[in-house]
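*Asks:* Okay, here's the structure, questions in a sec.
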Amino acid sequence: MYRQSLPLLLPLAYAVGALAATITYNWEVTWVWAAPDGFGRPLIGINNTWPCPIIEALIGDTVVVNLLNKLGNETTGMHFHGINQINSNAMDGSVGSSQCPLPPGYSMTYSFTVRQTYPKPSRRKTNLN
């Protein structure tokens with residue numbers, strides 16, 4: 001019974017894959033001056049801005065983040081909250097757990113396919129931050 005359905009499911013699988021996109025971000029981690037609580041101080045920002053940008057992606061999309069550490073005096077890493085890193089744990093960016101810290105002047109490319117988000121999976125646009 002299932003083998004009869006296979007010829008119908010293969011084109012559907014290709015169609016769903018064709019809907020997926022690769023979304024690329026080029027981010028420089030920098031010091032910025034900001035006052036999130038009304039008191040100005042140096043904070044870590046992305047591309048000289050704070051708050052940091054939001055990643056928008058759909059389930060099935062591939063997210064690529066080219067990260068360059070321009071902090072000068074601090075190591076860094078990128079952790080993606082709310083993303084279930086299925087088969088891409090090394091891309092989770094949890095410094096000291098799944099990744100070594102990224103020294104100043106060094107870059108890393110994070111690449112993962114969005115398989116599931118929390119709290120609820122969806123094919124709608126999802127903010128990843």
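Chain labels run A, B, ... following the order of the structure tokens; each chain numbers its residues from 1, and ligands are numbered from 1 in the order shown.
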Identify, with DSSP run on backbone atoms, the residues in segment 9-101 of chain A assigned to alpha helix (DSSP H), and express the list as a ChimeraX atom specification.

*Replies:* /A:9-19

*Asks:* Go ahead and dump the residues you just picked, all heavy atoms, as an mmCIF file, in the first residue's frame.

*Replies:*
data_model
loop_
_atom_site.group_PDB
_atom_site.id
_atom_site.type_symbol
_atom_site.label_atom_id
_atom_site.label_comp_id
_atom_site.auth_asym_id
_atom_site.auth_seq_id
_atom_site.Cartn_x
_atom_site.Cartn_y
_atom_site.Cartn_z
ATOM 1 N N LEU A 9 4.438 10.872 -3.696
ATOM 2 C CA LEU A 9 5.107 11.639 -2.651
ATOM 3 C C LEU A 9 6.423 12.250 -3.114
ATOM 4 O O LEU A 9 6.811 13.311 -2.633
ATOM 5 C CB LEU A 9 5.354 10.761 -1.430
ATOM 6 C CG LEU A 9 4.104 10.314 -0.685
ATOM 7 C CD1 LEU A 9 4.468 9.379 0.454
ATOM 8 C CD2 LEU A 9 3.337 11.517 -0.165
ATOM 9 N N LEU A 10 7.115 11.619 -4.042
ATOM 10 C CA LEU A 10 8.401 12.146 -4.498
ATOM 11 C C LEU A 10 8.280 13.538 -5.123
ATOM 12 O O LEU A 10 9.039 14.438 -4.760
ATOM 13 C CB LEU A 10 9.087 11.174 -5.451
ATOM 14 C CG LEU A 10 9.706 9.952 -4.778
ATOM 15 C CD1 LEU A 10 10.263 8.997 -5.820
ATOM 16 C CD2 LEU A 10 10.770 10.363 -3.787
ATOM 17 N N PRO A 11 7.346 13.770 -6.043
ATOM 18 C CA PRO A 11 7.220 15.136 -6.575
ATOM 19 C C PRO A 11 6.856 16.151 -5.494
ATOM 20 O O PRO A 11 7.325 17.282 -5.520
ATOM 21 C CB PRO A 11 6.096 15.032 -7.609
ATOM 22 C CG PRO A 11 6.039 13.594 -7.977
ATOM 23 C CD PRO A 11 6.470 12.846 -6.750
ATOM 24 N N LEU A 12 6.051 15.728 -4.523
ATOM 25 C CA LEU A 12 5.696 16.622 -3.422
ATOM 26 C C LEU A 12 6.931 16.974 -2.604
ATOM 27 O O LEU A 12 7.134 18.134 -2.225
ATOM 28 C CB LEU A 12 4.637 15.975 -2.530
ATOM 29 C CG LEU A 12 4.192 16.796 -1.324
ATOM 30 C CD1 LEU A 12 3.561 18.114 -1.784
ATOM 31 C CD2 LEU A 12 3.221 16.002 -0.478
ATOM 32 N N ALA A 13 7.793 16.005 -2.333
ATOM 33 C CA ALA A 13 9.024 16.257 -1.578
ATOM 34 C C ALA A 13 9.923 17.233 -2.325
ATOM 35 O O ALA A 13 10.518 18.129 -1.730
ATOM 36 C CB ALA A 13 9.759 14.947 -1.324
ATOM 37 N N TYR A 14 10.036 17.095 -3.638
ATOM 38 C CA TYR A 14 10.846 18.027 -4.429
ATOM 39 C C TYR A 14 10.234 19.428 -4.412
ATOM 40 O O TYR A 14 10.930 20.424 -4.369
ATOM 41 C CB TYR A 14 11.000 17.533 -5.865
ATOM 42 C CG TYR A 14 11.957 16.390 -5.995
ATOM 43 C CD1 TYR A 14 11.524 15.152 -6.442
ATOM 44 C CD2 TYR A 14 13.302 16.527 -5.659
ATOM 45 C CE1 TYR A 14 12.394 14.090 -6.552
ATOM 46 C CE2 TYR A 14 14.178 15.467 -5.768
ATOM 47 C CZ TYR A 14 13.720 14.256 -6.218
ATOM 48 O OH TYR A 14 14.592 13.207 -6.326
ATOM 49 N N ALA A 15 8.916 19.509 -4.454
ATOM 50 C CA ALA A 15 8.240 20.813 -4.449
ATOM 51 C C ALA A 15 8.472 21.534 -3.129
ATOM 52 O O ALA A 15 8.747 22.733 -3.101
ATOM 53 C CB ALA A 15 6.749 20.646 -4.707
ATOM 54 N N VAL A 16 8.393 20.820 -2.015
ATOM 55 C CA VAL A 16 8.636 21.435 -0.710
ATOM 56 C C VAL A 16 10.082 21.899 -0.626
ATOM 57 O O VAL A 16 10.369 22.992 -0.150
ATOM 58 C CB VAL A 16 8.293 20.455 0.436
ATOM 59 C CG1 VAL A 16 8.778 20.990 1.770
ATOM 60 C CG2 VAL A 16 6.791 20.214 0.466
ATOM 61 N N GLY A 17 11.020 21.099 -1.122
ATOM 62 C CA GLY A 17 12.426 21.491 -1.132
ATOM 63 C C GLY A 17 12.668 22.706 -1.998
ATOM 64 O O GLY A 17 13.518 23.549 -1.699
ATOM 65 N N ALA A 18 11.914 22.851 -3.068
ATOM 66 C CA ALA A 18 12.071 23.996 -3.960
ATOM 67 C C ALA A 18 11.601 25.283 -3.305
ATOM 68 O O ALA A 18 12.036 26.368 -3.682
ATOM 69 C CB ALA A 18 11.306 23.750 -5.259
ATOM 70 N N LEU A 19 10.724 25.187 -2.324
ATOM 71 C CA LEU A 19 10.246 26.367 -1.620
ATOM 72 C C LEU A 19 11.276 26.911 -0.636
ATOM 73 O O LEU A 19 11.218 28.070 -0.251
ATOM 74 C CB LEU A 19 8.954 26.052 -0.868
ATOM 75 C CG LEU A 19 7.745 25.673 -1.715
ATOM 76 C CD1 LEU A 19 6.590 25.258 -0.816
ATOM 77 C CD2 LEU A 19 7.338 26.820 -2.614
#

*Asks:* Please provide the set of residues having any atom within 6 Å of segment 38-49 of chain A, restricted to only C-alpha atoms, with same-chain residues fewer than 5 positions apart removed, written as a JSON list (two decimals) with N, CA and C atoms, in the first residue's frame.

*Replies:*
[["chain", "number", "residue", "atom", "x", "y", "z"],
["A", 27, "TRP", "N", 27.71, 39.52, 9.20],
["A", 27, "TRP", "CA", 27.68, 40.26, 10.45],
["A", 27, "TRP", "C", 29.08, 40.49, 10.99],
["A", 28, "GLU", "N", 29.33, 41.73, 11.40],
["A", 28, "GLU", "CA", 30.54, 42.08, 12.12],
["A", 28, "GLU", "C", 30.13, 42.37, 13.56],
["A", 29, "VAL", "N", 30.76, 41.67, 14.50],
["A", 29, "VAL", "CA", 30.48, 41.88, 15.91],
["A", 29, "VAL", "C", 31.36, 43.04, 16.38],
["A", 30, "THR", "N", 30.73, 44.12, 16.85],
["A", 30, "THR", "CA", 31.44, 45.34, 17.20],
["A", 30, "THR", "C", 30.97, 45.87, 18.54],
["A", 31, "TRP", "N", 31.76, 46.78, 19.10],
["A", 31, "TRP", "CA", 31.33, 47.53, 20.27],
["A", 31, "TRP", "C", 30.48, 48.70, 19.80],
["A", 32, "VAL", "N", 29.38, 48.94, 20.47],
["A", 32, "VAL", "CA", 28.52, 50.09, 20.17],
["A", 32, "VAL", "C", 28.16, 50.78, 21.49],
["A", 33, "TRP", "N", 27.79, 52.03, 21.41],
["A", 33, "TRP", "CA", 27.34, 52.77, 22.59],
["A", 33, "TRP", "C", 25.82, 52.76, 22.58]]

*Asks:* Counting only C-alpha atoms, figure out which residue out of A:Ser94, A:Gln99, A:Asn26, A:Asn69 gets nearest to His81 of chain A.

*Replies:*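 Using only C-alpha atoms, His81 of chain A sits closest to A:Ser94.
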
*Asks:* With only C-alpha atoms as the atoms that count, which of A:Trp50, A:Ala34, A:Asn73, A:Asn87 lies nearest to Ser111 of chain A?

*Replies:*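 Using only C-alpha atoms, Ser111 of chain A sits closest to A:Asn87.
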
*Asks:* One number please: atom CA of Thr76 of chain A to atom CA of Cys52 of chain A, in Å, one decimal.

*Replies:*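 If I compute the distance from atom CA of Thr76 of chain A to atom CA of Cys52 of chain A, I get 14.3 Å.
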
*Asks:* Rank A:Pro36, A:Gln85, A:Met108, A:Ile23 by their smallest atom-to-atom distance to Thr62 of chain A, using only C-alpha atoms, and report the top residue only.

*Replies:*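 Of the candidates, the smallest distance to Thr62 of chain A is held by A:Ile23.
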
*Asks:* Rank A:Pro51, A:Gly72, A:Gly60, A:Gly77 by their smallest atom-to-atom distance to Val114 of chain A, using only C-alpha atoms, and report the top residue only.

*Replies:*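 Comparing A:Pro51, A:Gly72, A:Gly60, A:Gly77 against Val114 of chain A, the winner is A:Gly60.
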
*Asks:* Under the rule that only C-alpha atoms are counted, which of A:Ile59, A:Val95, A:Leu68, A:Ala35 is the nearest residue to Phe112 of chain A?

*Replies:*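 Ranked by minimum distance to Phe112 of chain A, first place goes to A:Ile59.
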